[in-house]
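Here the structure comes first, spelled out in structure tokens, and everything after it is commentary.
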Amino acid sequence: MTFTHVLRAVESLRDVTVRTPMLTSTALDRHVGRRVWVKAENQQLTGSFKVRGAYNALTALGAKDRRRGVIGASSGNHAAALAMAAHLYEVPATVVVPEDVPAVKRQAIEALGARIVTYNRYTGRREALVHELARRHGLAIVPSANDERVIAGAGTVAWEMLQEAPDLVAILVPVGGGGLAAGTALAATGHDPQFQVFGVEPAVADDTHRSLRVGRRIPIPPPVTIADGLGHAEPARIPFEINQCLLTDVITVPEDAISEAMAYLWHHFRLVAEPSGAVALAGLLQATDRFPDGPIGVVVSGGNVGWTIYRTLLDIAMNRMETPPHAAAVLR
């Protein structure tokens with residue numbers, strides 16, 4: 001894949017997706033000692049960046065294949081994005097999601113008219129189920145990350161960021177299957193071959209971090225993390241091949257840092273971010289000294305989170321952040 005694939009996706013999505021805002025905060029700039037641009041993809045259609053890849057993939061399929069219907073698997077956001085893309089093209093969609101998919105994500109999928117099939121995220125064979133359903137019903141598979149068209153669509157996030165802030169020196173993105181990181185790396189290095197792209201993933205779901213360290217994809221036990229969209233047990237093949245070549249590094253962050261980043265986004269930007277969507281900012285706040293001097297871009301990749309879990313995580317994070325250091329030592 002090359003930068004050209006991203007440019008084609010830009011044209012494919014021009015009249016479909018939202019050009020989400022780039023936001024700044026004086027408090028954040030002061031805290032990290034540089035200008036930070038936050039790309040608010042939580043304000044994208046379906047509440048996450050995923051619709052970019054899903055719609056681009058359906059466009060590339062062609063009318064004949066689309067009419068047969070499409071299928072994809074996801075922790076929730078890609079499923080909603082695929083349902084939206086299929087709705088726009090007026091074709092049937094089937095989505096395979098975990099039994100415990102957050103209610104807010106399930107409701108969004110149902111509202112768009114997609115058929116839902118569930119599986120157990122810890123014991124189920126998701127990909128085998130997708131392929132069996134595709135074979136049985138003649139459906140075209142649209143993966144959440146392991147697809148060049150999906151990766152190119154995801155790359156349009158970085159393309160937009162660099163159009164608005166061409167002096168950026170690095171971009172931080174969350175890493176799940178790796179599609180957003182790969183698309184960002186393609187777009188950014190097309191802009192400047194020396195550009196740095198950092199992936200950020202939960203420390204308990206560090207499959208990409210481990211795989212890059214050994215130079216091949218390695219599986220980990222199914223992770224349990226508040227960032228449900230990033231709970232992958234192994235990087236997707238195509239994104240990993242790109243990320244091996246173009247990604248600068250992957251930073252891992254603890255669960256507490258993710259909820260604190262959610263609180264930071266609300267407090268300073270009034271942005272509602274789901275845990276997966278706040279991971280990149282957590283990486284910036286945890287590892288500020290690892291990035292090059294100059295303006296940094298951070299992708300807030302999604303905002304699909306239920307009110308109860310959101311309020312609980314923010315309450316805990318706010319209390320922790322406001323606790324004086326000496327009191328925190330006593331509490332520990």
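Each chain of the structure tokens is named A, B, ... in the order shown, its residues numbered from 1; ligands are numbered from 1 in display order.
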
Alpha helix (DSSP H) residues, from DSSP on the backbone, in region 131-310 of chain A, as a PyMOL selection string: chain A and resi 131-137+148-164+179-191+207-214+237-246+255-269+275-286+307-310

task: Please provide as a PyMOL selection string all residues within 6 Å of Asn42 (chain A), with the sequence filter that same-chain residues fewer than 2 positions apart are discarded (counting only C-alpha atoms).
output: chain A and resi 40+44+47-48+301-303

Write the residues of the preceding selection, restricted to N, CA and C atoms, as an mmCIF file, in the first residue's frame.
```
data_model
loop_
_atom_site.group_PDB
_atom_site.id
_atom_site.type_symbol
_atom_site.label_atom_id
_atom_site.label_comp_id
_atom_site.auth_asym_id
_atom_site.auth_seq_id
_atom_site.Cartn_x
_atom_site.Cartn_y
_atom_site.Cartn_z
ATOM 1 N N ALA A 40 -11.057 15.170 16.901
ATOM 2 C CA ALA A 40 -12.237 14.670 17.613
ATOM 3 C C ALA A 40 -13.066 13.738 16.737
ATOM 4 N N GLN A 44 -17.517 11.929 14.635
ATOM 5 C CA GLN A 44 -17.726 11.378 13.298
ATOM 6 C C GLN A 44 -19.061 10.644 13.251
ATOM 7 N N GLY A 47 -20.107 7.897 15.657
ATOM 8 C CA GLY A 47 -19.344 8.134 16.875
ATOM 9 C C GLY A 47 -17.931 7.622 16.884
ATOM 10 N N SER A 48 -17.383 7.240 15.719
ATOM 11 C CA SER A 48 -15.985 6.812 15.677
ATOM 12 C C SER A 48 -15.448 6.936 14.253
ATOM 13 N N SER A 301 -10.379 8.551 18.977
ATOM 14 C CA SER A 301 -10.929 7.728 17.900
ATOM 15 C C SER A 301 -12.411 7.417 18.019
ATOM 16 N N GLY A 302 -13.012 7.579 19.208
ATOM 17 C CA GLY A 302 -14.427 7.261 19.343
ATOM 18 C C GLY A 302 -15.007 7.727 20.663
ATOM 19 N N GLY A 303 -16.349 7.813 20.691
ATOM 20 C CA GLY A 303 -17.027 8.272 21.896
ATOM 21 C C GLY A 303 -18.239 7.451 22.264
#
```

Show me a table, sorted first by chain and then by increasing residue number, of the residues of region 175-244 of chain A having an atom at most 9 Å from region 279-294 of chain A, each with its shortest atom pair and the distance in Å to one decimal, counting only C-alpha atoms and written as JSON lines.
```
{"residue": "A:Val175", "atom": "CA", "partner": "A:Ala280", "partner_atom": "CA", "distance": 8.6}
{"residue": "A:Gln196", "atom": "CA", "partner": "A:Pro292", "partner_atom": "CA", "distance": 8.2}
{"residue": "A:Phe198", "atom": "CA", "partner": "A:Ala280", "partner_atom": "CA", "distance": 8.7}
{"residue": "A:Gly199", "atom": "CA", "partner": "A:Ala280", "partner_atom": "CA", "distance": 7.4}
{"residue": "A:Val200", "atom": "CA", "partner": "A:Ala280", "partner_atom": "CA", "distance": 5.5}
{"residue": "A:Glu201", "atom": "CA", "partner": "A:Val279", "partner_atom": "CA", "distance": 6.6}
{"residue": "A:Pro202", "atom": "CA", "partner": "A:Val279", "partner_atom": "CA", "distance": 7.3}
{"residue": "A:Ala227", "atom": "CA", "partner": "A:Val279", "partner_atom": "CA", "distance": 7.9}
```

field: Spatial neighbours of Ile218 (chain A), max dist 10 Å, only C-alpha atoms, sep filter under 4 positions, as a PyMOL selection string
entry: chain A and resi 207-212+214+233-235

- prompt: With distances taken over only C-alpha atoms, which of A:Ile258, A:Ala60, A:Ile220, A:Leu247 is nearest to Phe195 (chain A)?
  reply: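 Closest to Phe195 (chain A) of all the choices is A:Leu247.
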
task: Can you list, as a list in words, all residues belonging to region 157-204 of chain A that DSSP tags as strand (DSSP E or B)?
output: Ala170, Ile171, Leu172, Val173, Pro174, Gln196, Val197, Phe198, Gly199, Val200, Glu201 and Pro202 of chain A

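The gap separating CA of Phe49 (chain A) from CA of Thr94 (chain A) is 19.6 Å, in Å to one decimal.
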
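Considering the residues A:Leu186, A:Ala80, A:Ala134, A:Ala86 and counting only C-alpha atoms, Ile109 (chain A) has its shortest atom-to-atom contact with A:Ala80.
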
- prompt: Taking into account only C-alpha atoms, which residue in the set A:Ala81, A:Ala114, A:Leu265, A:Leu246 is nearest to Gly183 (chain A)?
  reply: A:Leu246
